[in-house]
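Here the structure comes first, spelled out in structure tokens, and everything after it is commentary.
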Amino acid sequence: MEKTSQSYQLKKIIKQSAISVIAGAILLLLSVGTTLWMGHVADQELETTTFLNQYRLGSKALTYAVQTYAVTGNQDYYDDYMRELNEDKNRDIAWAGLKKNNLKSSEWALLEQIAELSNGLVPLEEKALQLAEQGNTSEAMSHVFGKEYEGTTQEINALTDDAIQKIQLRVSKSKRNLRVFQVMIQLLYISSFLYLILQIRKIVRFSENELLEPIVKVSGQMILLSEGHFHTDLALEADESEVGKMVAAISLMKQNIVGMIREISNILEQMGNGDYCFEMQQNYVGEFGLIKESFLKISCKMRETLNTIREVSQQIDCGSEQLACAAVDLAEGSTEQAGKVSDLVTLMENLYKSMENSAQEAASTVELSTHAGEVLVSGNAKMQELKEAISEISKCSEEIDEIISTIESIASETNLLSLNASIEAARAGEAGKGFAIVANQVKNLADESAKAAGETNKLIERTVLAVEKGITIADETAENMDEVMKGAKEATEKMKYTSRILGDDVRNMQLINENIIRVSEIVDNNSATSQETAAVSEEQKAQVESMVGLVEKFNI
């Protein structure tokens, strides 16, 4: 990639800007980390001071409790001492907290010295507690108010103050160094931010001067080219940059297009004048090569076509006389053919009418057969109804037979009753004569009823036999009717099929008739056309001679 190209320069500026952004981000993280570390150091200083003061307060609490107990002998102060020593344990808590902080070795030496001095006071305090407990307060006071105890206490306080001061000085120095480091980082961050602003400004200027302005000019030039203006100048110089290469490419494209347009215009003018022998000198690059190939193909095809036209026109000139003779023969044959086709049309019309009448008769026959089938269907339905009625009569006869049996039973009982009544009348003597007459009449009536029931039963038996015979005949008739129905249905279907075929034949015959009529019209038209062709062929011969003369004018 050339160092003068816009892409190289733009990538360089972007790379520098990215480095500036990364550096600024790192500096910002360092500044935040420094601030957090300063806070941590301050917290550690405060925590260390707090633990030292807590240690000192624990020591003072023990000293105050033991001294007060030694003076007063009050048990409460003894309890306070023991509570601080065993429960509160301020010194132990403070010592454990100090161990967690990162103290220097010199600071730990002071703290260990303080601890050693504090531990040295323990035997004096324990002795004073024992003496005070025994009531010897004066001796107890000598232990906790003596020069040794007081000197050690003052030395502990002084060492504690010295330790606190040293820790504070160390932390202050660390904080001062961190603050200086933070200021330096902030200055570097501000510098990187200002550098980034300069880079952004540089990018904007570069985009305006090196990219946007040339692109606008190139865009205007491309619009003019799209409108067909190839002679306008572009106010940019070609160089090794991307825009410069684009300008050089546009100039070369304009030069090639103008040269191709001029050459194509000249070639088209030659082709308009009938000259198809030309050569193409211009360099047709890329897709423009298709134009060159198309012109060369057109030239080749036109030369071949004109040669073919020349040869064909000569052949047509030779055959035009033969065509005239053939046209006369065709006219005579067409006239004779028209007469024959006219006779054929008459025959086809008569045949069509005959087939149409047959189709109508077949349709009438189908209607009659269909009606007969409907009547047979109705008769079959009536026969089924007759079978059902005979079955119902048979059922009624069976019921009547049961009724007759009941009547015979009643007659038998009535006869028995009349017999009993006669016996009772005979017993009654003269008084029962009238009743005996009635009993005799009842017996006669019972005998006649039994006789009538017997005759009725014989009639019913004959009726049942007749009904069974009628059922048998009805079943046979129904079976015959079913066979007749099947035969009639098949005959009707075949007649429908025959009628449909006749209808199709009539339609086909009609189409044939129409086609023959059309052929007749065409034959008549051909007859007239052949006569015209005979006249036109003479004119064609003269036109062909004229065309041969025109073809000779082309340069192929």
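Convention: chains lettered A, B, ... in structure tokens order; per-chain residue numbering from 1; ligands numbered from 1 as shown.
Excluding Asp80 of chain A and any residue on its chain fewer than 6 positions from it, the residues at most 10 Å away by only C-alpha atoms are Ala61, Leu62, Tyr64, Ala65, Val66, Tyr69, Asn86, Glu87 and Asp88 of chain A.
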Would you write out those residues with N, CA, C and O atoms, as a PDB file, in the first residue's frame?
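Resulting contents of selection-v1.pdb:
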ATOM      1  N   ALA A  61      -7.199   1.663  81.334  1.00  0.00           N
ATOM      2  CA  ALA A  61      -8.313   1.127  82.114  1.00  0.00           C
ATOM      3  C   ALA A  61      -7.802   0.178  83.192  1.00  0.00           C
ATOM      4  O   ALA A  61      -8.277   0.193  84.348  1.00  0.00           O
ATOM      5  N   LEU A  62      -6.832  -0.680  82.844  1.00  0.00           N
ATOM      6  CA  LEU A  62      -6.262  -1.590  83.842  1.00  0.00           C
ATOM      7  C   LEU A  62      -5.530  -0.812  84.937  1.00  0.00           C
ATOM      8  O   LEU A  62      -5.648  -1.115  86.142  1.00  0.00           O
ATOM      9  N   TYR A  64      -5.999   2.370  85.845  1.00  0.00           N
ATOM     10  CA  TYR A  64      -6.952   3.123  86.681  1.00  0.00           C
ATOM     11  C   TYR A  64      -7.666   2.185  87.650  1.00  0.00           C
ATOM     12  O   TYR A  64      -7.821   2.483  88.843  1.00  0.00           O
ATOM     13  N   ALA A  65      -8.071   0.997  87.195  1.00  0.00           N
ATOM     14  CA  ALA A  65      -8.803   0.066  88.044  1.00  0.00           C
ATOM     15  C   ALA A  65      -7.934  -0.450  89.181  1.00  0.00           C
ATOM     16  O   ALA A  65      -8.356  -0.508  90.353  1.00  0.00           O
ATOM     17  N   VAL A  66      -6.666  -0.791  88.873  1.00  0.00           N
ATOM     18  CA  VAL A  66      -5.810  -1.355  89.916  1.00  0.00           C
ATOM     19  C   VAL A  66      -5.388  -0.283  90.928  1.00  0.00           C
ATOM     20  O   VAL A  66      -5.280  -0.531  92.133  1.00  0.00           O
ATOM     21  N   TYR A  69      -8.459   0.512  93.124  1.00  0.00           N
ATOM     22  CA  TYR A  69      -8.715  -0.597  94.038  1.00  0.00           C
ATOM     23  C   TYR A  69      -7.676  -0.607  95.165  1.00  0.00           C
ATOM     24  O   TYR A  69      -7.986  -0.897  96.320  1.00  0.00           O
ATOM     25  N   ASN A  86     -10.222 -10.037  81.300  1.00  0.00           N
ATOM     26  CA  ASN A  86     -10.733 -11.332  80.839  1.00  0.00           C
ATOM     27  C   ASN A  86     -11.868 -11.232  79.818  1.00  0.00           C
ATOM     28  O   ASN A  86     -12.054 -12.151  79.017  1.00  0.00           O
ATOM     29  N   GLU A  87     -12.674 -10.155  79.860  1.00  0.00           N
ATOM     30  CA  GLU A  87     -13.846 -10.051  78.995  1.00  0.00           C
ATOM     31  C   GLU A  87     -13.640  -9.030  77.872  1.00  0.00           C
ATOM     32  O   GLU A  87     -13.749  -9.361  76.687  1.00  0.00           O
ATOM     33  N   ASP A  88     -13.368  -7.787  78.237  1.00  0.00           N
ATOM     34  CA  ASP A  88     -13.243  -6.741  77.212  1.00  0.00           C
ATOM     35  C   ASP A  88     -11.998  -6.961  76.346  1.00  0.00           C
ATOM     36  O   ASP A  88     -12.056  -6.879  75.124  1.00  0.00           O
TER      37      ASP A  88
END
Q: Kindly indicate which residue among A:Gly24, A:Gly220, A:Gly503, A:Gly454 lies nearest to Ser192 of chain A, using only C-alpha atoms for the distances.
A: A:Gly24
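Shortest atom-to-atom contact with Ala163 of chain A among A:Glu227, A:Asp76, A:Glu45, A:Glu126: A:Glu45, counting only C-alpha atoms.
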Q: Quick one: everything within 12 Å of Gly286 of chain A, counting only C-alpha atoms, minus sequence neighbours fewer than 4 positions away in the same chain. Send it as JSON, numbers by chain.
A: {"A": [253, 256, 257, 290, 291, 292, 293]}
For the selection you just gave me, I'd like the residues written to a file as a compact mmCIF listing (two decimals), in the first residue's frame, keeping all heavy atoms.
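What landed in out-v8.txt:
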# COMPACT_ATOMS: atom_id res chain seq x y z
N MET A 253 -11.60 5.82 -19.09
CA MET A 253 -12.93 5.35 -19.50
C MET A 253 -13.56 6.33 -20.50
O MET A 253 -14.14 5.91 -21.51
CB MET A 253 -13.81 5.20 -18.27
CG MET A 253 -15.22 4.69 -18.57
SD MET A 253 -16.23 4.53 -17.09
CE MET A 253 -16.37 6.25 -16.61
N ASN A 256 -11.81 5.93 -23.88
CA ASN A 256 -12.21 4.69 -24.57
C ASN A 256 -13.64 4.79 -25.09
O ASN A 256 -13.94 4.37 -26.23
CB ASN A 256 -12.08 3.50 -23.63
CG ASN A 256 -10.64 3.15 -23.36
OD1 ASN A 256 -9.76 3.44 -24.16
ND2 ASN A 256 -10.39 2.51 -22.21
N ILE A 257 -14.56 5.32 -24.25
CA ILE A 257 -15.97 5.41 -24.66
C ILE A 257 -16.13 6.34 -25.85
O ILE A 257 -16.85 6.04 -26.81
CB ILE A 257 -16.84 5.85 -23.48
CG1 ILE A 257 -16.90 4.74 -22.42
CG2 ILE A 257 -18.24 6.20 -23.94
CD1 ILE A 257 -17.64 5.12 -21.17
N LEU A 290 -18.17 -7.29 -25.99
CA LEU A 290 -19.39 -7.89 -26.55
C LEU A 290 -19.92 -7.07 -27.72
O LEU A 290 -20.48 -7.62 -28.69
CB LEU A 290 -20.45 -8.02 -25.45
CG LEU A 290 -20.08 -8.92 -24.27
CD1 LEU A 290 -21.18 -8.84 -23.20
CD2 LEU A 290 -19.91 -10.35 -24.73
N ILE A 291 -19.76 -5.71 -27.65
CA ILE A 291 -20.21 -4.85 -28.75
C ILE A 291 -19.42 -5.15 -30.01
O ILE A 291 -19.98 -5.28 -31.11
CB ILE A 291 -20.07 -3.37 -28.35
CG1 ILE A 291 -20.97 -3.08 -27.13
CG2 ILE A 291 -20.43 -2.46 -29.51
CD1 ILE A 291 -20.81 -1.67 -26.59
N LYS A 292 -18.10 -5.28 -29.85
CA LYS A 292 -17.25 -5.58 -31.00
C LYS A 292 -17.64 -6.93 -31.60
O LYS A 292 -17.78 -7.07 -32.83
CB LYS A 292 -15.80 -5.58 -30.57
CG LYS A 292 -14.82 -5.81 -31.71
CD LYS A 292 -13.38 -5.70 -31.22
CE LYS A 292 -12.39 -5.92 -32.35
NZ LYS A 292 -10.98 -5.80 -31.89
N GLU A 293 -17.81 -7.94 -30.74
CA GLU A 293 -18.20 -9.25 -31.24
C GLU A 293 -19.55 -9.19 -31.94
O GLU A 293 -19.74 -9.83 -32.99
CB GLU A 293 -18.27 -10.24 -30.07
CG GLU A 293 -16.91 -10.54 -29.44
CD GLU A 293 -17.03 -11.48 -28.26
OE1 GLU A 293 -18.16 -11.92 -27.98
OE2 GLU A 293 -16.00 -11.77 -27.61
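The interatomic distance for the pair atom CA of Thr68 of chain A and atom CA of Phe51 of chain A works out to 25.4 Å.
Comparing A:Ser138, A:Gln67, A:Gly97, A:Thr152 by their smallest distance to Gly120 of chain A, the closest is A:Thr152 (using only C-alpha atoms).
With distances restricted to only C-alpha atoms, A:Ala128 is the closest residue to Tyr78 of chain A from A:Ala23, A:Ala128, A:Ala96, A:Leu198.
One finds atom CA of Ile190 of chain A at 16.9 Å from atom CA of Gly33 of chain A.
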(Q) Quick check, in Å to one decimal: how far apart do atom CA of Leu52 of chain A and atom CA of Glu84 of chain A lie? (A) 16.3 Å
Q: Apply DSSP to the backbone of this structure and, from segment 168-311 of chain A, keep only the residues in helix (DSSP H, G or I); write these as an MDAnalysis selection string.
A: chainID A and resid 168:226 242:272 286:311
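Residues in contact with Val21 of chain A at up to 12 Å, not including ones fewer than 2 positions away on its chain and judged by only C-alpha atoms, are Ile14, Lys15, Gln16, Ser17, Ala18, Ile19, Ala23, Gly24, Ala25, Ile26, Leu27, Leu28, Tyr189, Ile190, Ser191, Ser192, Phe193, Leu194, Tyr195, Leu196, Ile197, Gln199 and Ile200 of chain A.
The protein and nucleic acid residues lying at most 12 Å from Phe206 of chain A are Ser5, Gln6, Ser7, Tyr8, Gln9, Leu10, Lys11, Lys12, Ile13, Ile14, Leu198, Gln199, Ile200, Arg201, Lys202, Ile203, Asn209, Glu210, Leu211, Leu212, Glu213 and Pro214 of chain A, with only C-alpha atoms considered and sequence neighbours fewer than 3 positions away removed.
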